[in-house]
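Printed here is my_file-v4.csv (CSV, C-alpha atoms and all ligand atoms):
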```csv
chain,number,residue,atom,x,y,z
A,1,MET,CA,-15.5,23.2,-12.9
A,2,ILE,CA,-17.6,23.9,-9.8
A,3,VAL,CA,-20.2,21.1,-9.2
A,4,LEU,CA,-23.1,21.1,-6.7
A,5,GLY,CA,-23.7,17.6,-5.2
A,6,ILE,CA,-27.0,16.6,-3.7
A,7,GLU,CA,-27.4,13.5,-1.6
A,8,THR,CA,-30.9,12.4,-0.5
A,9,SER,CA,-30.9,8.6,-0.9
A,10,CYS,CA,-31.8,7.8,2.7
A,11,ASP,CA,-31.8,9.7,6.0
A,12,GLU,CA,-29.2,12.4,5.4
A,13,THR,CA,-29.7,15.5,3.3
A,14,GLY,CA,-26.2,16.4,2.2
A,15,VAL,CA,-25.1,19.2,-0.2
A,16,ALA,CA,-21.6,20.2,-1.2
A,17,LEU,CA,-19.6,22.2,-3.8
A,18,TYR,CA,-16.6,20.5,-5.4
A,19,ASP,CA,-14.2,22.3,-7.6
A,20,THR,CA,-12.2,20.1,-10.0
A,21,GLU,CA,-9.3,22.5,-9.6
A,22,LYS,CA,-9.4,23.3,-5.9
A,23,GLY,CA,-11.2,20.3,-4.4
A,24,LEU,CA,-14.0,20.5,-1.9
A,25,LEU,CA,-15.2,24.1,-1.3
A,26,ALA,CA,-17.9,23.6,1.2
A,27,ASP,CA,-20.4,21.0,2.4
A,28,VAL,CA,-23.4,20.9,4.7
A,29,ILE,CA,-25.2,18.0,6.1
A,30,TYR,CA,-28.4,17.5,7.9
A,31,SER,CA,-29.2,14.2,9.6
A,32,GLN,CA,-32.7,12.9,10.1
A,33,ILE,CA,-31.7,10.8,13.2
A,34,GLU,CA,-34.0,12.7,15.6
A,35,LEU,CA,-37.0,12.3,13.2
A,36,HIS,CA,-36.6,8.5,12.8
A,37,LYS,CA,-35.3,7.7,16.3
A,38,GLN,CA,-38.7,7.2,17.8
A,39,PHE,CA,-39.5,4.6,15.2
A,40,GLY,CA,-36.2,2.6,15.6
A,41,GLY,CA,-35.4,3.0,11.9
A,42,VAL,CA,-35.9,5.0,8.8
A,43,VAL,CA,-39.5,5.7,7.8
A,44,PRO,CA,-39.3,6.2,4.0
A,45,GLU,CA,-42.3,8.6,3.6
A,46,LEU,CA,-41.0,10.8,6.5
A,47,ALA,CA,-37.6,10.8,5.0
A,48,SER,CA,-38.9,12.1,1.6
A,49,ARG,CA,-40.9,14.8,3.3
A,50,ASP,CA,-38.0,16.0,5.3
A,51,HIS,CA,-35.7,16.1,2.3
A,52,ILE,CA,-38.3,18.3,0.6
A,53,ARG,CA,-38.2,20.7,3.6
A,54,LYS,CA,-34.4,20.8,3.9
A,55,THR,CA,-32.7,20.5,0.5
A,56,ILE,CA,-33.2,24.0,-0.8
A,57,PRO,CA,-32.5,25.9,2.5
A,58,LEU,CA,-29.3,23.7,2.8
A,59,ILE,CA,-28.2,24.7,-0.7
A,60,LYS,CA,-28.7,28.4,0.2
A,61,SER,CA,-26.5,28.0,3.4
A,62,LEU,CA,-23.9,26.1,1.4
A,63,LEU,CA,-23.6,29.0,-1.1
A,64,THR,CA,-23.4,31.4,1.8
A,65,ASN,CA,-20.7,29.3,3.5
A,66,ALA,CA,-18.6,29.2,0.3
A,67,ASN,CA,-19.2,32.9,-0.4
A,68,LEU,CA,-20.5,32.0,-3.9
A,69,SER,CA,-23.6,32.8,-5.8
A,70,ILE,CA,-25.9,30.4,-7.6
A,71,SER,CA,-24.3,31.5,-10.9
A,72,SER,CA,-21.0,30.0,-9.9
A,73,ILE,CA,-22.4,26.5,-10.2
A,74,GLU,CA,-21.3,24.9,-13.4
A,75,GLY,CA,-22.9,21.5,-13.0
A,76,VAL,CA,-25.2,19.6,-10.7
A,77,ALA,CA,-24.9,16.0,-9.5
A,78,TYR,CA,-27.5,14.3,-7.5
A,79,THR,CA,-27.8,10.7,-6.2
A,80,ALA,CA,-30.0,8.8,-8.6
A,81,GLY,CA,-29.7,5.4,-6.8
A,82,PRO,CA,-29.6,3.0,-5.2
A,83,GLY,CA,-31.7,4.1,-2.3
A,84,LEU,CA,-35.3,4.9,-1.2
A,85,MET,CA,-37.5,5.8,-4.3
A,86,GLY,CA,-39.2,8.9,-2.8
A,87,ALA,CA,-36.1,10.2,-1.1
A,88,LEU,CA,-34.1,9.9,-4.4
A,89,LEU,CA,-36.9,11.6,-6.3
A,90,VAL,CA,-36.6,14.7,-4.1
A,91,GLY,CA,-32.8,15.2,-4.8
A,92,ALA,CA,-33.3,14.3,-8.5
A,93,SER,CA,-36.1,16.7,-9.0
A,94,ILE,CA,-34.4,19.6,-7.2
A,95,GLY,CA,-31.1,18.9,-8.9
A,96,ARG,CA,-32.5,18.6,-12.4
A,97,SER,CA,-34.8,21.7,-12.1
A,98,LEU,CA,-32.0,23.8,-10.6
A,99,ALA,CA,-29.6,22.8,-13.4
A,100,MET,CA,-32.2,23.5,-16.0
A,101,SER,CA,-33.0,26.9,-14.6
A,102,ILE,CA,-29.4,28.1,-14.5
A,103,GLY,CA,-28.5,26.4,-17.8
A,104,VAL,CA,-25.9,23.9,-16.7
A,105,PRO,CA,-25.6,20.2,-17.2
A,106,SER,CA,-26.6,17.7,-14.6
A,107,ILE,CA,-26.0,14.0,-13.8
A,108,GLY,CA,-27.5,11.3,-11.7
A,109,VAL,CA,-24.7,9.7,-9.6
A,110,HIS,CA,-24.5,6.1,-8.3
A,111,HIS,CA,-24.5,6.4,-4.5
A,112,MET,CA,-21.9,3.6,-4.1
A,113,GLU,CA,-19.6,5.2,-6.6
A,114,GLY,CA,-19.7,8.2,-4.4
A,115,HIS,CA,-18.7,6.1,-1.4
A,116,LEU,CA,-16.0,4.4,-3.4
A,117,LEU,CA,-14.4,7.7,-4.5
A,118,SER,CA,-14.8,9.3,-1.0
A,119,PRO,CA,-11.2,8.7,0.1
A,120,MET,CA,-10.2,11.0,-2.8
A,121,LEU,CA,-11.8,13.9,-1.0
A,122,ASP,CA,-8.8,14.0,1.3
A,123,SER,CA,-6.0,12.5,-0.8
A,124,LYS,CA,-5.9,12.8,-4.6
A,125,LYS,CA,-3.0,10.3,-4.8
A,126,LEU,CA,-4.9,7.1,-5.7
A,127,HIS,CA,-3.4,5.0,-8.4
A,128,PHE,CA,-5.4,2.4,-10.4
A,129,PRO,CA,-6.1,-0.5,-10.4
A,130,PHE,CA,-7.1,-1.1,-6.8
A,131,LEU,CA,-9.6,-3.1,-4.7
A,132,ALA,CA,-12.5,-1.5,-2.9
A,133,LEU,CA,-14.5,-2.9,0.0
A,134,LEU,CA,-17.8,-1.0,0.3
A,135,VAL,CA,-19.5,-1.5,3.6
A,136,SER,CA,-22.7,0.5,4.2
A,137,GLY,CA,-26.2,0.0,5.6
A,138,GLY,CA,-27.4,-1.6,2.3
A,139,HIS,CA,-24.3,-3.0,0.7
A,140,THR,CA,-21.2,-5.2,1.4
A,141,GLN,CA,-19.3,-5.5,-1.8
A,142,LEU,CA,-15.7,-6.3,-2.8
A,143,ILE,CA,-14.9,-4.6,-6.1
A,144,GLU,CA,-11.9,-4.6,-8.5
A,145,VAL,CA,-11.5,-1.1,-9.7
A,146,LYS,CA,-9.7,-1.3,-13.0
A,147,ARG,CA,-10.0,2.4,-13.7
A,148,LEU,CA,-12.4,5.2,-12.8
A,149,GLY,CA,-15.9,3.9,-13.5
A,150,GLU,CA,-14.9,0.4,-14.5
A,151,TYR,CA,-16.0,-1.9,-11.7
A,152,LYS,CA,-15.9,-5.7,-11.4
A,153,LEU,CA,-17.8,-7.2,-8.6
A,154,LEU,CA,-15.7,-9.9,-6.9
A,155,GLY,CA,-18.0,-10.7,-4.0
A,156,GLU,CA,-20.9,-9.4,-2.0
A,157,SER,CA,-23.1,-10.2,0.9
A,158,LEU,CA,-25.6,-13.0,0.2
A,159,ASP,CA,-28.0,-11.7,2.9
A,160,ASP,CA,-27.6,-8.8,5.3
A,161,ALA,CA,-25.1,-6.0,4.7
A,162,ALA,CA,-22.5,-5.4,7.4
A,163,GLY,CA,-24.1,-2.1,8.4
A,164,GLU,CA,-27.5,-3.8,8.5
A,165,ALA,CA,-26.1,-6.5,10.8
A,166,PHE,CA,-24.8,-3.7,13.1
A,167,ASP,CA,-28.2,-2.0,13.1
A,168,LYS,CA,-30.1,-5.3,13.8
A,169,VAL,CA,-27.8,-6.3,16.6
A,170,ALA,CA,-28.2,-2.8,18.1
A,171,LYS,CA,-32.0,-3.3,18.2
A,172,MET,CA,-31.5,-6.7,19.9
A,173,LEU,CA,-29.4,-4.9,22.5
A,174,ASP,CA,-32.0,-2.2,22.9
A,175,LEU,CA,-29.7,0.5,21.6
A,176,PRO,CA,-31.2,3.5,19.8
A,177,TYR,CA,-31.1,4.0,16.0
A,178,PRO,CA,-28.7,4.4,14.1
A,179,GLY,CA,-27.1,1.2,15.6
A,180,GLY,CA,-23.6,1.0,14.2
A,181,PRO,CA,-21.9,3.8,16.2
A,182,GLN,CA,-23.9,2.7,19.3
A,183,VAL,CA,-22.7,-0.9,19.1
A,184,ALA,CA,-19.2,0.3,18.5
A,185,SER,CA,-19.3,2.5,21.6
A,186,LEU,CA,-20.8,-0.3,23.8
A,187,ALA,CA,-18.2,-2.7,22.4
A,188,SER,CA,-15.4,-0.4,23.6
A,189,LYS,CA,-16.5,-1.2,27.2
A,190,GLY,CA,-16.5,-4.9,26.7
A,191,THR,CA,-14.2,-7.9,26.1
A,192,SER,CA,-14.2,-10.4,23.3
A,193,SER,CA,-12.8,-13.2,25.4
A,194,ARG,CA,-16.2,-14.2,27.0
A,195,PHE,CA,-18.2,-15.0,23.8
A,196,HIS,CA,-17.0,-16.4,20.6
A,197,PHE,CA,-19.1,-15.8,17.4
A,198,PRO,CA,-18.5,-17.5,14.1
A,199,ARG,CA,-16.6,-15.8,11.2
A,200,PRO,CA,-19.2,-16.5,8.5
A,201,MET,CA,-18.1,-18.1,5.2
A,202,VAL,CA,-14.4,-17.8,5.9
A,203,ASN,CA,-13.8,-21.6,5.5
A,204,ARG,CA,-15.4,-21.6,2.1
A,205,PRO,CA,-13.6,-20.4,-1.0
A,206,GLY,CA,-14.7,-17.2,-2.7
A,207,LEU,CA,-15.2,-13.6,-1.7
A,208,ASP,CA,-18.9,-13.5,-0.8
A,209,PHE,CA,-20.1,-12.6,2.7
A,210,SER,CA,-23.0,-13.6,4.9
A,211,PHE,CA,-24.0,-11.9,8.2
A,212,SER,CA,-27.4,-13.3,9.0
A,213,GLY,CA,-26.1,-16.5,10.8
A,214,LEU,CA,-23.9,-14.3,12.9
A,215,LYS,CA,-26.9,-12.2,13.9
A,216,THR,CA,-28.8,-15.4,14.9
A,217,HIS,CA,-25.8,-16.4,17.2
A,218,VAL,CA,-26.0,-13.0,18.8
A,219,LYS,CA,-29.8,-13.4,19.3
A,220,ASN,CA,-29.2,-16.9,20.9
A,221,THR,CA,-26.5,-15.5,23.2
A,222,ILE,CA,-28.8,-12.7,24.3
A,223,ASN,CA,-31.6,-15.2,25.1
A,224,GLN,CA,-29.2,-17.5,27.0
A,225,ASN,CA,-27.9,-14.6,29.1
A,226,GLN,CA,-31.1,-12.8,30.1
A,227,ASN,CA,-33.2,-13.4,33.2
A,228,LYS,CA,-36.8,-14.5,33.2
A,229,SER,CA,-38.1,-11.0,32.8
A,230,GLY,CA,-35.7,-10.4,29.8
A,231,PHE,CA,-33.2,-8.3,31.7
A,232,ILE,CA,-29.6,-8.5,30.6
A,233,ASP,CA,-26.8,-6.7,32.5
A,234,ILE,CA,-24.7,-4.0,30.8
A,235,GLU,CA,-21.4,-5.9,31.1
A,236,THR,CA,-22.9,-8.9,29.2
A,237,LYS,CA,-24.3,-6.5,26.6
A,238,SER,CA,-20.9,-4.9,26.1
A,239,ASP,CA,-19.2,-8.2,25.8
A,240,ILE,CA,-21.7,-9.4,23.2
A,241,ALA,CA,-21.2,-6.1,21.2
A,242,CYS,CA,-17.5,-6.5,21.4
A,243,SER,CA,-17.5,-10.1,20.2
A,244,PHE,CA,-20.0,-9.3,17.4
A,245,GLN,CA,-17.9,-6.3,16.2
A,246,GLU,CA,-14.7,-8.4,16.3
A,247,ALA,CA,-16.4,-11.2,14.2
A,248,VAL,CA,-17.6,-8.7,11.5
A,249,VAL,CA,-14.2,-6.9,11.4
A,250,GLU,CA,-12.2,-10.2,11.2
A,251,THR,CA,-14.5,-11.6,8.5
A,252,LEU,CA,-14.1,-8.4,6.4
A,253,VAL,CA,-10.4,-8.3,6.9
A,254,LEU,CA,-10.0,-12.0,6.0
A,255,LYS,CA,-11.9,-11.7,2.7
A,256,CYS,CA,-10.0,-8.6,1.7
A,257,LYS,CA,-6.7,-10.4,2.5
A,258,ARG,CA,-7.9,-13.2,0.3
A,259,ALA,CA,-8.8,-10.7,-2.5
A,260,ILE,CA,-5.3,-9.2,-2.3
A,261,LYS,CA,-3.8,-12.6,-2.7
A,262,LEU,CA,-6.1,-13.6,-5.6
A,263,THR,CA,-5.8,-10.4,-7.6
A,264,GLY,CA,-2.2,-9.4,-6.8
A,265,LEU,CA,-3.6,-5.9,-6.2
A,266,CYS,CA,-1.9,-4.1,-3.3
A,267,ARG,CA,-4.0,-1.0,-2.8
A,268,LEU,CA,-7.3,-1.2,-1.0
A,269,ILE,CA,-10.0,1.3,-0.4
A,270,VAL,CA,-12.5,0.7,2.4
A,271,ALA,CA,-15.5,3.0,2.2
A,272,GLY,CA,-19.1,3.4,3.4
A,273,GLY,CA,-20.7,4.0,6.8
A,274,VAL,CA,-19.1,1.0,8.5
A,275,SER,CA,-15.6,2.1,7.5
A,276,ALA,CA,-16.0,4.8,10.2
A,277,ASN,CA,-15.6,2.0,12.7
A,278,GLU,CA,-12.4,2.5,14.7
A,279,LYS,CA,-11.6,-1.1,15.3
A,280,LEU,CA,-12.1,-1.9,11.7
A,281,ARG,CA,-9.7,0.8,10.6
A,282,VAL,CA,-7.0,-0.4,13.0
A,283,ALA,CA,-7.5,-4.1,11.9
A,284,PHE,CA,-7.3,-3.1,8.2
A,285,GLU,CA,-4.1,-1.0,8.8
A,286,GLN,CA,-2.5,-4.0,10.5
A,287,MET,CA,-3.5,-6.4,7.7
A,288,ALA,CA,-2.2,-4.0,5.1
A,289,ASP,CA,1.1,-3.7,6.9
A,290,GLU,CA,1.5,-7.5,7.1
A,291,GLN,CA,0.6,-7.9,3.4
A,292,LYS,CA,2.8,-5.0,2.3
A,293,ALA,CA,-0.3,-3.4,0.9
A,294,GLU,CA,-1.8,0.1,1.3
A,295,VAL,CA,-5.2,0.8,2.7
A,296,PHE,CA,-7.2,4.1,2.2
A,297,PHE,CA,-10.2,5.4,4.1
A,298,ALA,CA,-12.2,8.6,3.8
A,299,SER,CA,-12.0,10.8,6.9
A,300,PRO,CA,-14.7,9.5,9.4
A,301,LYS,CA,-16.9,12.5,8.5
A,302,TYR,CA,-17.1,11.4,4.8
A,303,CYS,CA,-17.6,7.6,5.5
A,304,THR,CA,-21.3,8.0,6.1
A,305,ASP,CA,-23.7,9.6,3.6
A,306,ASN,CA,-22.7,13.1,2.5
A,307,GLY,CA,-23.0,15.5,-0.5
A,308,ALA,CA,-19.3,15.8,-0.9
A,309,MET,CA,-18.8,12.3,-2.4
A,310,ILE,CA,-21.7,12.9,-4.8
A,311,ALA,CA,-20.3,16.2,-5.9
A,312,LEU,CA,-16.9,14.6,-6.5
A,313,ALA,CA,-18.2,11.6,-8.4
A,314,GLY,CA,-20.5,13.9,-10.5
A,315,ALA,CA,-17.7,16.4,-11.2
A,316,LEU,CA,-15.5,13.6,-12.6
A,317,ARG,CA,-18.3,12.5,-14.9
A,318,LEU,CA,-19.6,15.9,-15.9
A,319,LYS,CA,-16.0,17.0,-16.7
A,320,SER,CA,-15.8,14.0,-19.1
A,321,GLU,CA,-18.9,15.4,-20.8
A,322,GLU,CA,-21.2,12.7,-19.5
A,323,TYR,CA,-24.6,14.1,-18.5
A,324,ASP,CA,-28.2,13.0,-18.4
A,325,SER,CA,-31.2,13.9,-20.5
A,326,LEU,CA,-33.9,16.2,-19.1
A,327,GLU,CA,-36.0,13.3,-17.9
A,328,ILE,CA,-36.1,12.9,-14.1
A,329,LYS,CA,-35.1,9.2,-13.6
A,330,VAL,CA,-34.0,7.4,-10.4
A,331,LYS,CA,-32.9,3.8,-9.9
A,332,PRO,CA,-33.6,2.4,-6.4
A,333,ARG,CA,-31.8,-0.7,-7.6
A,334,TRP,CA,-28.7,-0.2,-9.7
A,335,SER,CA,-25.5,-2.2,-10.1
A,336,LEU,CA,-22.1,-0.6,-10.0
A,337,SER,CA,-21.0,-2.8,-12.9
A,338,ASP,CA,-23.5,-1.1,-15.2
A,339,LEU,CA,-21.7,2.2,-15.0
A,340,ASN,CA,-19.6,3.6,-17.9
A,341,PRO,CA,-15.9,4.0,-17.4
A,342,ILE,CA,-14.9,7.7,-17.0
A,343,LYS,CA,-12.6,9.1,-19.8
A,344,PRO,CA,-9.0,8.8,-18.5
A,345,SER,CA,-8.3,12.5,-19.2
A,346,THR,CA,-10.5,13.5,-16.4
A,347,CYS,CA,-9.2,11.0,-13.8
A,348,ILE,CA,-7.6,12.4,-10.6
A,349,GLU,CA,-4.3,10.5,-10.2
A,401,LIG,O1,-23.0,4.6,4.1
A,401,LIG,P1,-24.0,4.8,5.0
A,401,LIG,O2,-24.1,6.1,5.8
A,401,LIG,O3,-25.5,4.6,4.4
A,401,LIG,C1,-25.8,3.7,3.4
A,401,LIG,O4,-25.4,3.9,2.3
A,401,LIG,O5,-26.4,2.7,3.8
A,401,LIG,O6,-23.9,3.6,6.1
A,401,LIG,C2,-24.8,3.6,7.2
A,401,LIG,C3,-24.4,2.3,8.0
A,401,LIG,C4,-25.4,2.0,9.1
A,401,LIG,O7,-25.8,0.7,9.0
A,401,LIG,C5,-24.6,2.4,10.3
A,401,LIG,O8,-25.1,1.6,11.4
A,401,LIG,C6,-23.2,2.0,9.9
A,401,LIG,O9,-23.1,2.4,8.6
A,401,LIG,N1,-22.2,2.7,10.7
A,401,LIG,C7,-21.3,2.0,11.5
A,401,LIG,C8,-20.6,3.0,12.2
A,401,LIG,N2,-21.0,4.2,11.7
A,401,LIG,C9,-22.0,4.0,10.8
A,401,LIG,N3,-21.2,0.7,11.8
A,401,LIG,C10,-20.2,0.4,12.6
A,401,LIG,N4,-19.4,1.3,13.3
A,401,LIG,C11,-19.6,2.6,13.1
A,401,LIG,N5,-18.8,3.5,13.8
A,402,ZN,ZN,-24.3,5.4,1.8
```

Translate the structure of the given file into structure tokens.
Ligand code: KG4
Ligand code: ZN
Amino acid sequence: MIVLGIETSCDETGVALYDTEKGLLADVIYSQIELHKQFGGVVPELASRDHIRKTIPLIKSLLTNANLSISSIEGVAYTAGPGLMGALLVGASIGRSLAMSIGVPSIGVHHMEGHLLSPMLDSKKLHFPFLALLVSGGHTQLIEVKRLGEYKLLGESLDDAAGEAFDKVAKMLDLPYPGGPQVASLASKGTSSRFHFPRPMVNRPGLDFSFSGLKTHVKNTINQNQNKSGFIDIETKSDIACSFQEAVVETLVLKCKRAIKLTGLCRLIVAGGVSANEKLRVAFEQMADEQKAEVFFASPKYCTDNGAMIALAGALRLKSEEYDSLEIKVKPRWSLSDLNPIKPSTCIE
């Protein structure tokens, strides 16, 4: 079954074709970074308008790249939530209308389920049950995945998501949007021995996270190290970025290590935008080695938002004959634990 995936939940327009027999056939992504850069963050109304301009031309180039015609599409999956209301409505309206006009089923996909399944785009060998750490701009969640579509929330951030903390620290350091990769690149030039930031909530039991206190520590350190006119030298900035990154990574690793011990599960998926972070990947590999566990990531290209993960998640659901009614419905807030399990016969093992 060939499924078209459409992702428009935030600031990336992503479209892809996923074949349940052959895997990913093609994907195209357009990033709105240039559009939002001047405002230092995503402007929702501008995001929606740009998705309107870009989605259909992108689907056309996707089909050209895959050397397929529109009639080859056997199902359409679009991100129905969580995300920005207007942006989601663009993908949902285009996805639904296209599916109706060519007479194929369509389904609204949970964006975080897309992230969670993204490592399967490269490797189909994922055995259930496993743990999943989802680290994106809007979510930090630790999940027990019993089988496809059956998700139990073990812990989550009580305030800022990990990606959000990266983005806010980037702003404090006068780095351009989007902040995560910028902080990572600055951190690579610094040392973590000069400043020590707390590892939030690691001394308390449980699997929840909190990153807002860490952010305040960063702010205070910046204030203490700048001169009267607010200038702070690049070495100091790099050292702050390095210590901040290390604190986030260590906290995430520690909580996952705790989850491995508590659940006895020895397979862990780390997905979402922050999982593109190189230091994070190295630290998780090391922890997995020590714990005799296995860790899986998507390739860096598929860590951040993309249409391929939505096409994959939608394909699995459509193949198990799950599809939505004609109504165009999006859910800006939507819990993963509200999803239905996917019929085992369609699972990729
Ligand atoms: O998954 P994603 O593309 O969008 C959401 O679903 O939110 O994640 C975006 C987040 C942003 O906060 C961005 O700063 C962060 O992921 N991010 C990174 C890196 N690349 C993206 N954070 C740290 N290091 C990176 N290399
Ligand atoms: Zn995302």

Ligand ZN 402 (chain A) neighbours within 9 Å using all atoms listed in the file, as a PyMOL selection string = chain A and resi 9-10+83+111-112+114-115+135-139+272-273+303-306

ask   = Which residues, written as a VMD selection string, have at least one atom at most 6 Å from Ile107 (chain A), with only C-alpha atoms counted and residues fewer than 3 positions away on the same chain left out?
value = chain A and resid 77 323 to 324

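Here the question is which of A:Glu34, A:Glu250, A:Glu12, A:Glu164 gets nearest to Leu280 (chain A) using all atoms listed in the file, and that residue is A:Glu250.
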
For Leu68 (chain A): contacts at 10 Å, all atoms listed in the file, fewer than 5 positions along chain excluded, given as a PyMOL selection string = chain A and resi 17+25+60+62-63+73

key: Interatomic distance (Å, one decimal) between CA of Leu154 (chain A) and CA of Tyr302 (chain A)   =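 CA of Leu154 (chain A) sits 24.3 Å away from CA of Tyr302 (chain A).
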
Nearby residues (only C-alpha atoms) at most 12 Å from region 187-195 of chain A, same-chain spacing under 6 positions excluded, as a ChimeraX atom specification = /A:166,169-170,173,175,179-181,217-218,220-222,224-225,233-247,277-279

Close residues, region 289-293 of chain A itself excluded, 9 Å, only C-alpha atoms, min 2 positions apart in chain, as a PyMOL selection string = chain A and resi 257+260-261+265-268+284-287+295

task = Can you work out the spacing between CA of Pro341 (chain A) and CA of Ala92 (chain A) in Å, to one decimal?
result =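 A separation of 22.1 Å between them.
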
Polymer residues at most 12 Å from Val42 (chain A), all atoms listed in the file, same-chain spacing of 4 or more positions, as a list in words =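 Answer for this query is Ser9, Cys10, Asp11, Glu12, Ser31, Gln32, Ile33, Glu34, Leu35, His36, Lys37, Gln38, Leu46, Ala47, Ser48, Asp50, Gly83, Leu84, Ala87, Gly137, Asp167, Tyr177, Pro178 and Gly179 of chain A.
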
Using 12 Å as the limit and counting only C-alpha atoms, can you tabulate each residue of region 137-243 of chain A that touches region 326-338 of chain A, with its shortest atom-to-atom distance in Å and the two atoms involved, as JSON lines?
```
{"residue": "A:Gly138", "atom": "CA", "partner": "A:Arg333", "partner_atom": "CA", "distance": 10.9}
{"residue": "A:His139", "atom": "CA", "partner": "A:Ser335", "partner_atom": "CA", "distance": 10.9}
{"residue": "A:Gln141", "atom": "CA", "partner": "A:Leu336", "partner_atom": "CA", "distance": 10.0}
{"residue": "A:Leu142", "atom": "CA", "partner": "A:Leu336", "partner_atom": "CA", "distance": 11.2}
{"residue": "A:Ile143", "atom": "CA", "partner": "A:Leu336", "partner_atom": "CA", "distance": 9.1}
{"residue": "A:Glu144", "atom": "CA", "partner": "A:Ser337", "partner_atom": "CA", "distance": 10.3}
{"residue": "A:Val145", "atom": "CA", "partner": "A:Ser337", "partner_atom": "CA", "distance": 10.2}
{"residue": "A:Lys146", "atom": "CA", "partner": "A:Ser337", "partner_atom": "CA", "distance": 11.4}
{"residue": "A:Leu148", "atom": "CA", "partner": "A:Leu336", "partner_atom": "CA", "distance": 11.6}
{"residue": "A:Gly149", "atom": "CA", "partner": "A:Leu336", "partner_atom": "CA", "distance": 8.4}
{"residue": "A:Glu150", "atom": "CA", "partner": "A:Ser337", "partner_atom": "CA", "distance": 7.1}
{"residue": "A:Tyr151", "atom": "CA", "partner": "A:Ser337", "partner_atom": "CA", "distance": 5.2}
{"residue": "A:Lys152", "atom": "CA", "partner": "A:Ser337", "partner_atom": "CA", "distance": 6.1}
{"residue": "A:Leu153", "atom": "CA", "partner": "A:Ser337", "partner_atom": "CA", "distance": 6.9}
{"residue": "A:Leu154", "atom": "CA", "partner": "A:Ser337", "partner_atom": "CA", "distance": 10.7}
{"residue": "A:Glu156", "atom": "CA", "partner": "A:Ser335", "partner_atom": "CA", "distance": 11.8}
```

query = Quick one: distance from CA of Leu262 (chain A) to CA of Glu294 (chain A) in Å, one decimal?
reply =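 Taking CA of Leu262 (chain A) and CA of Glu294 (chain A), their separation equals 15.9 Å.
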
query = Looking at A:His127, A:Lys215, A:Lys168, A:Arg199, which one is nearest to ligand LIG 401 (chain A), with distances taken over all atoms listed in the file?
reply =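 Selected residue with least distance to ligand LIG 401 (chain A): A:Lys168.
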
key: Among listed residues A:Ile52, A:Ala165, A:Val274, A:Met201, nearest ligand LIG 401 (chain A) (using only C-alpha atoms and all ligand atoms)   = A:Val274
